[in-house]
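**Q** Take a look at this one; I'll ask things after.
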Amino acid sequence: MFEAILVMSVGAIVLGAALGYAAVKFRVEGDPLVEKIDAILPQTQCGQCSFPGCKPYAQAIARGEAEINQCPPGGEDGIRKLADLLGREFKPLSAEHGIEKPKAVAVIDEQTCIGCTLCIQACPVDAIVGAAKQMHTIIAEQCTGCELCLPPCPVDCITMETLHETVETWKWKYPVVTLHPAANLQ
Amino acid sequence: MTTPLRSLFDFNGGVKPDYHKDASTRLSIGVLSAPTEVPTELVIPLHQSIGGTPRPIVAVGEQVKKGQRIGDADGDVSSAVHASTSGTVSAIEMRRMPHPSGLSSLCVVLETDGRDEWIACQAFDHKLATPQEIRDYLRDCGVVGLGGAVFPTHLKLNADRQGGIETLIINGAECEPYITCDDMLMRERANDIVRGVVLMREILGAKQVRIGIEDNKPEAIAAMQVAVGDCGDDLQVVVVPTRYPAGGAKQLIRVITGIEVPHGKRSIDYDVQCFNVATALAIYEAIGLGRPLISRIVTVAGNVDAPRNFDVLIGTPIKKIIAACSPLPDTNRLIMGGPMMGVEMPGDEVPVVKATNCILLGSNKIFPPPAPEMPCIRCGECALACPADLQPLELYWFSRAKIFGKAQEYHLFDCIECGCCSYVCPSNIPLVDYYRFAKSEIWAREKEKSLADEARDRFEFRQFRDVRDEQEKSARLAARAAAAAAAKQLATTDTVAIPNTEASTEANEKAALIAAAIARAREQQVTATPQNMQQLSAEQLAEISAIEARRAEIREQAKPHLPPDA
Ligand code: SF4
Ligand code: SF4
């Protein structure tokens, strides 16, 4: 009887210690669910979801405080992926947060730019180079197309230009499956 | 040396389609690059190789000579482009590409002047050059793999490798039906090819060289054997059995050396490097003659009356060479490449590029429209035919269902798109179309993901920077406030300043700096002679000294009223 209790308690202590050690050693920094949601979001950092960036929106979704259909750049595809990940129902993009647009980049009209640096301060990903009273320009590869630089510009010299398909970005289309009538069996 | 008796190896799979190679080898290589044949307008795309798009270095209206560089390689993985003949740059604009998308890309449009004037060509001494110089030279000569992949050759022709490589393989197999450009090149220009091979061997330090040619090209084999015998180097012509795709790099390496290059490795990891025969010729022309790559041999075959090979300047519209072969009226398709791997062209005005090995015209008679696709019956024929040892049916299922992760697990990217699986499939499934779809979709997603990751990093860094700047700013403000308070205290208590606090040291330093700057400026004022004080006449000098005297007098009078240091 005593031995049995001893064996069980030693076992409990050993396993408990192992679990405790594992909890410290293999601790996951941050919230894995937030990371997963954040990986689906397009990282445009535009704030159209009404959160200041993709990560805060991901955190709000994870806490259950936000709907999954508030990200216009992610579009329907993104909502579907979020719905899959979270086991929620698919919803169409909520109209109050914006509409899905083709990917675009901002372009500064360098003739009109007065070098006020307001757009530089607005860009969430530091994709604009320039200095006070110097012409500014946008690093096209790093522009996420968030449009945050448009409103602050005092001379309205920034426009959004839709990106068109090029030979390099062109994709082979899904093969068309030809439907054909069943063989006439007579 | 001729072929000694040596055992060859074998690759799995492969098919034996009808070759249709005789028709286009009856006539010698036609020359469409002779001055009289040059079209009035050449469209030279800047992006003609794998890697970065070259930047144009000519301006509209500029006169260029034949062989002049018009596009500079963008980085190391890129290759320069050159004017194929002399003339004037009439435009640098978007033109339709010989690409299945039918999209345009940036081209230099050349209005030819018919003089066909070369730049001054100078041979390159690779023996005196460093490996880096050889690489740069070949990159600037625009030499790329002419077997169809257009991989920049300078990246493969690496002279840096310790102890050289074991085997250099020259690919003259040319296994795809209808295409005969390498065959004709070997028949007609074997000596120059062998010179190129010798150069490559010297650069790579290859211990042995094997030139692999399929046994359905006896004339090419004979010509190459003679040329090899004449050159005095111990090269070997290896006759390989004809089976599609024996000309695939990995397949040819396997047949000749028995080395099977596994997934994720390159042939160079096994001390083997493989080049096409036409690339060898381009290397000879670049190094031996100093001529950049401006033309290539193109086969025109299929639905034409007189199929033939032509030596064509890069940028020639393909309709020009098609016209030279009298196309038949029922032509309804235009394919670049062969019937197995070729891609459909959007039109006949597109230019010949470095990748154009063959222009194949199709009609319903030669290439009947594909029979309707039926469900896969899992017969496994495709797996037997696959030369890359893949499971095409699995790749097909996953690509079709868009389960791309699984497709990659089944090594979708090892598929060489040879078309053997589609060729044997009893259900007529266009398998390669599915693989191409899946591959481009995966690439696009990866690109998107890396861009998103970069945006996330930049956003997070910006936030971090904002916080840091804010902290630094408030620290600075606090220090300044403290300094001001200290100064005030000093003033009120009227004690001697002891510069012991950090803030006041800083303030003192600043004051010292300003004082030094003022002193410097004053000194300069004294020593510098204004320009208008040089070369003056006697009266002017007299006038000046009078003025100076007056000034001195005034200064003397004003002295008691000024602060001591002014
Ligand atoms: S050959 Fe065609 S039908 Fe047979 S297993 Fe392969 S894909 Fe399926
Ligand atoms: S196309 Fe790809 S999967 Fe099909 S046989 Fe060729 S290598 Fe194998």
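In the structure tokens, chains take the letters A, B, ... in the order shown, each chain's residues start at 1, and ligands count up from 1 in the order shown.
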Would you mind listing, as a count of residues only, all residues of chain B that have at least one atom within 9 Å of chain A, where only C-alpha atoms are what counts?

**A** 37

**Q** If you take only C-alpha atoms and all ligand atoms and a cut-off of 6 Å, which residues of chain B touch ligand 2, and what are their nearest atom pairs and distances in Å to one decimal, in chain and number order, as a Markdown table?

**A**
| residue | atom | partner | partner_atom_place_in_ligand_line | distance |
| --- | --- | --- | --- | --- |
| B:Ala385 | CA | ligand 2 | 5 (S) | 5.8 |
| B:Cys386 | CA | ligand 2 | 5 (S) | 3.5 |
| B:Pro387 | CA | ligand 2 | 8 (Fe) | 5.7 |
| B:Ala388 | CA | ligand 2 | 7 (S) | 4.9 |
| B:Leu390 | CA | ligand 2 | 8 (Fe) | 5.5 |
| B:Pro392 | CA | ligand 2 | 3 (S) | 4.4 |
| B:Cys415 | CA | ligand 2 | 2 (Fe) | 3.7 |
| B:Ile416 | CA | ligand 2 | 7 (S) | 4.5 |
| B:Glu417 | CA | ligand 2 | 1 (S) | 3.7 |
| B:Cys418 | CA | ligand 2 | 6 (Fe) | 4.0 |
| B:Gly419 | CA | ligand 2 | 1 (S) | 4.1 |
| B:Cys420 | CA | ligand 2 | 5 (S) | 4.3 |
| B:Cys421 | CA | ligand 2 | 5 (S) | 4.1 |
| B:Val432 | CA | ligand 2 | 1 (S) | 5.4 |

**Q** Please identify every polymer residue within 7 Å of ligand 1, using only C-alpha atoms and all ligand atoms, and present the set as a list in words.

**A** Pro375, Cys376, Ile377, Arg378, Cys379, Gly380, Glu381, Cys382, Ala383, Pro392, Leu393, Tyr396, Cys421, Val424, Cys425, Pro426, Ser427, Asn428, Ile429 and Leu431 of chain B

**Q** Could you please take those selected residues and save all heavy atoms as a tab-separated table (two decimals), in the first residue's frame?

**A**
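Just written: again-v2.tsv:
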chain	number	residue	atom	x	y	z
B	375	PRO	N	-10.80	11.53	-67.80
B	375	PRO	CA	-10.27	11.38	-66.44
B	375	PRO	C	-9.04	10.49	-66.41
B	375	PRO	O	-8.89	9.59	-67.24
B	375	PRO	CB	-11.43	10.71	-65.69
B	375	PRO	CG	-12.61	10.86	-66.54
B	375	PRO	CD	-12.15	10.97	-67.94
B	376	CYS	N	-8.18	10.75	-65.46
B	376	CYS	CA	-6.99	9.92	-65.27
B	376	CYS	C	-7.43	8.56	-64.76
B	376	CYS	O	-8.22	8.46	-63.83
B	376	CYS	CB	-6.06	10.58	-64.26
B	376	CYS	SG	-4.71	9.54	-63.73
B	377	ILE	N	-6.91	7.50	-65.40
B	377	ILE	CA	-7.29	6.16	-64.99
B	377	ILE	C	-6.20	5.51	-64.14
B	377	ILE	O	-6.24	4.33	-63.85
B	377	ILE	CB	-7.61	5.28	-66.21
B	377	ILE	CG1	-6.43	5.34	-67.18
B	377	ILE	CG2	-8.91	5.72	-66.87
B	377	ILE	CD1	-6.55	4.35	-68.32
B	378	ARG	N	-5.20	6.31	-63.78
B	378	ARG	CA	-4.09	5.82	-62.95
B	378	ARG	C	-3.43	4.59	-63.56
B	378	ARG	O	-3.13	3.62	-62.85
B	378	ARG	CB	-4.58	5.51	-61.54
B	378	ARG	CG	-4.94	6.76	-60.77
B	378	ARG	CD	-5.01	6.47	-59.29
B	378	ARG	NE	-5.34	7.67	-58.54
B	378	ARG	CZ	-4.44	8.37	-57.86
B	378	ARG	NH1	-3.18	8.01	-57.85
B	378	ARG	NH2	-4.80	9.43	-57.19
B	379	CYS	N	-3.19	4.68	-64.86
B	379	CYS	CA	-2.55	3.54	-65.51
B	379	CYS	C	-1.05	3.52	-65.25
B	379	CYS	O	-0.40	2.50	-65.39
B	379	CYS	CB	-2.81	3.59	-67.01
B	379	CYS	SG	-2.09	5.05	-67.77
B	380	GLY	N	-0.48	4.71	-64.91
B	380	GLY	CA	0.95	4.74	-64.61
B	380	GLY	C	1.85	4.85	-65.82
B	380	GLY	O	3.07	4.83	-65.67
B	381	GLU	N	1.28	4.98	-67.01
B	381	GLU	CA	2.11	5.13	-68.21
B	381	GLU	C	3.05	6.34	-68.08
B	381	GLU	O	4.20	6.29	-68.48
B	381	GLU	CB	1.22	5.31	-69.44
B	381	GLU	CG	0.62	4.04	-69.99
B	381	GLU	CD	1.68	3.04	-70.40
B	381	GLU	OE1	2.67	3.46	-71.02
B	381	GLU	OE2	1.53	1.84	-70.08
B	382	CYS	N	2.48	7.42	-67.54
B	382	CYS	CA	3.26	8.66	-67.44
B	382	CYS	C	4.47	8.46	-66.54
B	382	CYS	O	5.55	8.98	-66.82
B	382	CYS	CB	2.39	9.79	-66.94
B	382	CYS	SG	1.45	9.38	-65.47
B	383	ALA	N	4.30	7.71	-65.47
B	383	ALA	CA	5.42	7.50	-64.55
B	383	ALA	C	6.51	6.68	-65.22
B	383	ALA	O	7.70	6.89	-64.98
B	383	ALA	CB	4.94	6.80	-63.28
B	392	PRO	N	4.22	11.71	-62.52
B	392	PRO	CA	3.41	12.76	-63.15
B	392	PRO	C	1.95	12.71	-62.74
B	392	PRO	O	1.32	13.76	-62.60
B	392	PRO	CB	3.57	12.48	-64.64
B	392	PRO	CG	4.86	11.75	-64.74
B	392	PRO	CD	4.98	10.94	-63.50
B	393	LEU	N	1.41	11.53	-62.52
B	393	LEU	CA	-0.02	11.48	-62.17
B	393	LEU	C	-0.29	12.14	-60.82
B	393	LEU	O	-1.27	12.86	-60.67
B	393	LEU	CB	-0.56	10.06	-62.22
B	393	LEU	CG	-0.08	9.03	-61.21
B	393	LEU	CD1	-1.06	7.89	-61.12
B	393	LEU	CD2	1.28	8.53	-61.58
B	396	TYR	N	-0.06	15.75	-61.29
B	396	TYR	CA	-1.27	16.21	-61.97
B	396	TYR	C	-2.42	16.37	-61.00
B	396	TYR	O	-3.08	17.41	-60.98
B	396	TYR	CB	-1.62	15.22	-63.08
B	396	TYR	CG	-3.07	15.26	-63.51
B	396	TYR	CD1	-3.59	16.37	-64.15
B	396	TYR	CD2	-3.91	14.17	-63.27
B	396	TYR	CE1	-4.92	16.41	-64.53
B	396	TYR	CE2	-5.24	14.20	-63.64
B	396	TYR	CZ	-5.74	15.32	-64.26
B	396	TYR	OH	-7.05	15.36	-64.62
B	421	CYS	N	5.14	12.70	-70.55
B	421	CYS	CA	3.97	12.17	-69.87
B	421	CYS	C	2.69	12.48	-70.66
B	421	CYS	O	1.84	11.61	-70.85
B	421	CYS	CB	3.89	12.72	-68.45
B	421	CYS	SG	4.08	14.49	-68.34
B	424	VAL	N	2.37	10.16	-73.73
B	424	VAL	CA	1.93	8.77	-73.58
B	424	VAL	C	0.55	8.64	-72.92
B	424	VAL	O	-0.03	7.57	-72.94
B	424	VAL	CB	2.93	7.93	-72.76
B	424	VAL	CG1	4.27	7.87	-73.45
B	424	VAL	CG2	3.09	8.50	-71.35
B	425	CYS	N	0.02	9.70	-72.35
B	425	CYS	CA	-1.20	9.58	-71.56
B	425	CYS	C	-2.37	9.12	-72.42
B	425	CYS	O	-2.74	9.79	-73.38
B	425	CYS	CB	-1.53	10.92	-70.90
B	425	CYS	SG	-3.06	10.87	-69.97
B	426	PRO	N	-2.96	7.97	-72.09
B	426	PRO	CA	-4.08	7.48	-72.89
B	426	PRO	C	-5.35	8.31	-72.70
B	426	PRO	O	-6.27	8.22	-73.50
B	426	PRO	CB	-4.29	6.05	-72.37
B	426	PRO	CG	-3.76	6.08	-70.99
B	426	PRO	CD	-2.65	7.07	-70.99
B	427	SER	N	-5.38	9.12	-71.64
B	427	SER	CA	-6.56	9.95	-71.41
B	427	SER	C	-6.40	11.35	-72.00
B	427	SER	O	-7.23	12.22	-71.74
B	427	SER	CB	-6.82	10.07	-69.91
B	427	SER	OG	-7.25	8.83	-69.41
B	428	ASN	N	-5.35	11.56	-72.75
B	428	ASN	CA	-5.11	12.84	-73.42
B	428	ASN	C	-5.10	14.03	-72.46
B	428	ASN	O	-5.61	15.09	-72.78
B	428	ASN	CB	-6.17	13.12	-74.49
B	428	ASN	CG	-6.31	11.96	-75.44
B	428	ASN	OD1	-5.31	11.44	-75.91
B	428	ASN	ND2	-7.54	11.54	-75.69
B	429	ILE	N	-4.56	13.82	-71.29
B	429	ILE	CA	-4.54	14.94	-70.35
B	429	ILE	C	-3.34	15.83	-70.68
B	429	ILE	O	-2.23	15.33	-70.83
B	429	ILE	CB	-4.41	14.41	-68.90
B	429	ILE	CG1	-5.55	13.44	-68.62
B	429	ILE	CG2	-4.43	15.56	-67.91
B	429	ILE	CD1	-5.44	12.75	-67.29
B	431	LEU	N	-0.93	17.20	-69.38
B	431	LEU	CA	-0.31	17.24	-68.06
B	431	LEU	C	0.63	18.42	-67.88
B	431	LEU	O	0.61	19.08	-66.85
B	431	LEU	CB	0.46	15.93	-67.84
B	431	LEU	CG	-0.46	14.71	-67.76
B	431	LEU	CD1	0.32	13.44	-68.03
B	431	LEU	CD2	-1.12	14.63	-66.40

**Q** I need the alpha helix (DSSP H) residues of segment 10-179 of chain A per DSSP on the backbone, written as JSON, numbers by chain.

**A** {"A": [10, 11, 12, 13, 14, 15, 16, 17, 18, 19, 20, 21, 22, 23, 24, 25, 32, 33, 34, 35, 36, 37, 38, 39, 40, 54, 55, 56, 57, 58, 59, 60, 61, 62, 75, 76, 77, 78, 79, 80, 81, 82, 83, 84, 85, 86, 118, 119, 120, 121, 122]}

**Q** Quick check for you: according to DSSP on this backbone, which residues of segment 149-277 of chain B are classed as strand (DSSP E or B)? Reply as a list in words.

**A**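 In segment 149-277 of chain B, DSSP puts these residues in strand (DSSP E or B): Pro152, Thr167, Leu168, Ile169, Ile170, Asn171, Gly172, Gln208, Val209, Arg210, Ile211, Gly212, Ile213, Glu214, Leu235, Gln236, Val237, Val238, Val239, Val240, Tyr244, Val272, Gln273, Cys274, Phe275 and Asn276 of chain B.
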
**Q** Please compute the atom CA of Asp72 of chain B-atom CA of Ile50 of chain B distance, one decimal, in Å.

**A**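 Computing the Euclidean distance for atom CA of Asp72 of chain B and atom CA of Ile50 of chain B yields 14.2 Å.
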
**Q** Rounded to one decimal in Å, what is the spacing between atom CA of Ala131 of chain A and atom CA of Ile108 of chain A?

**A** 14.0 Å
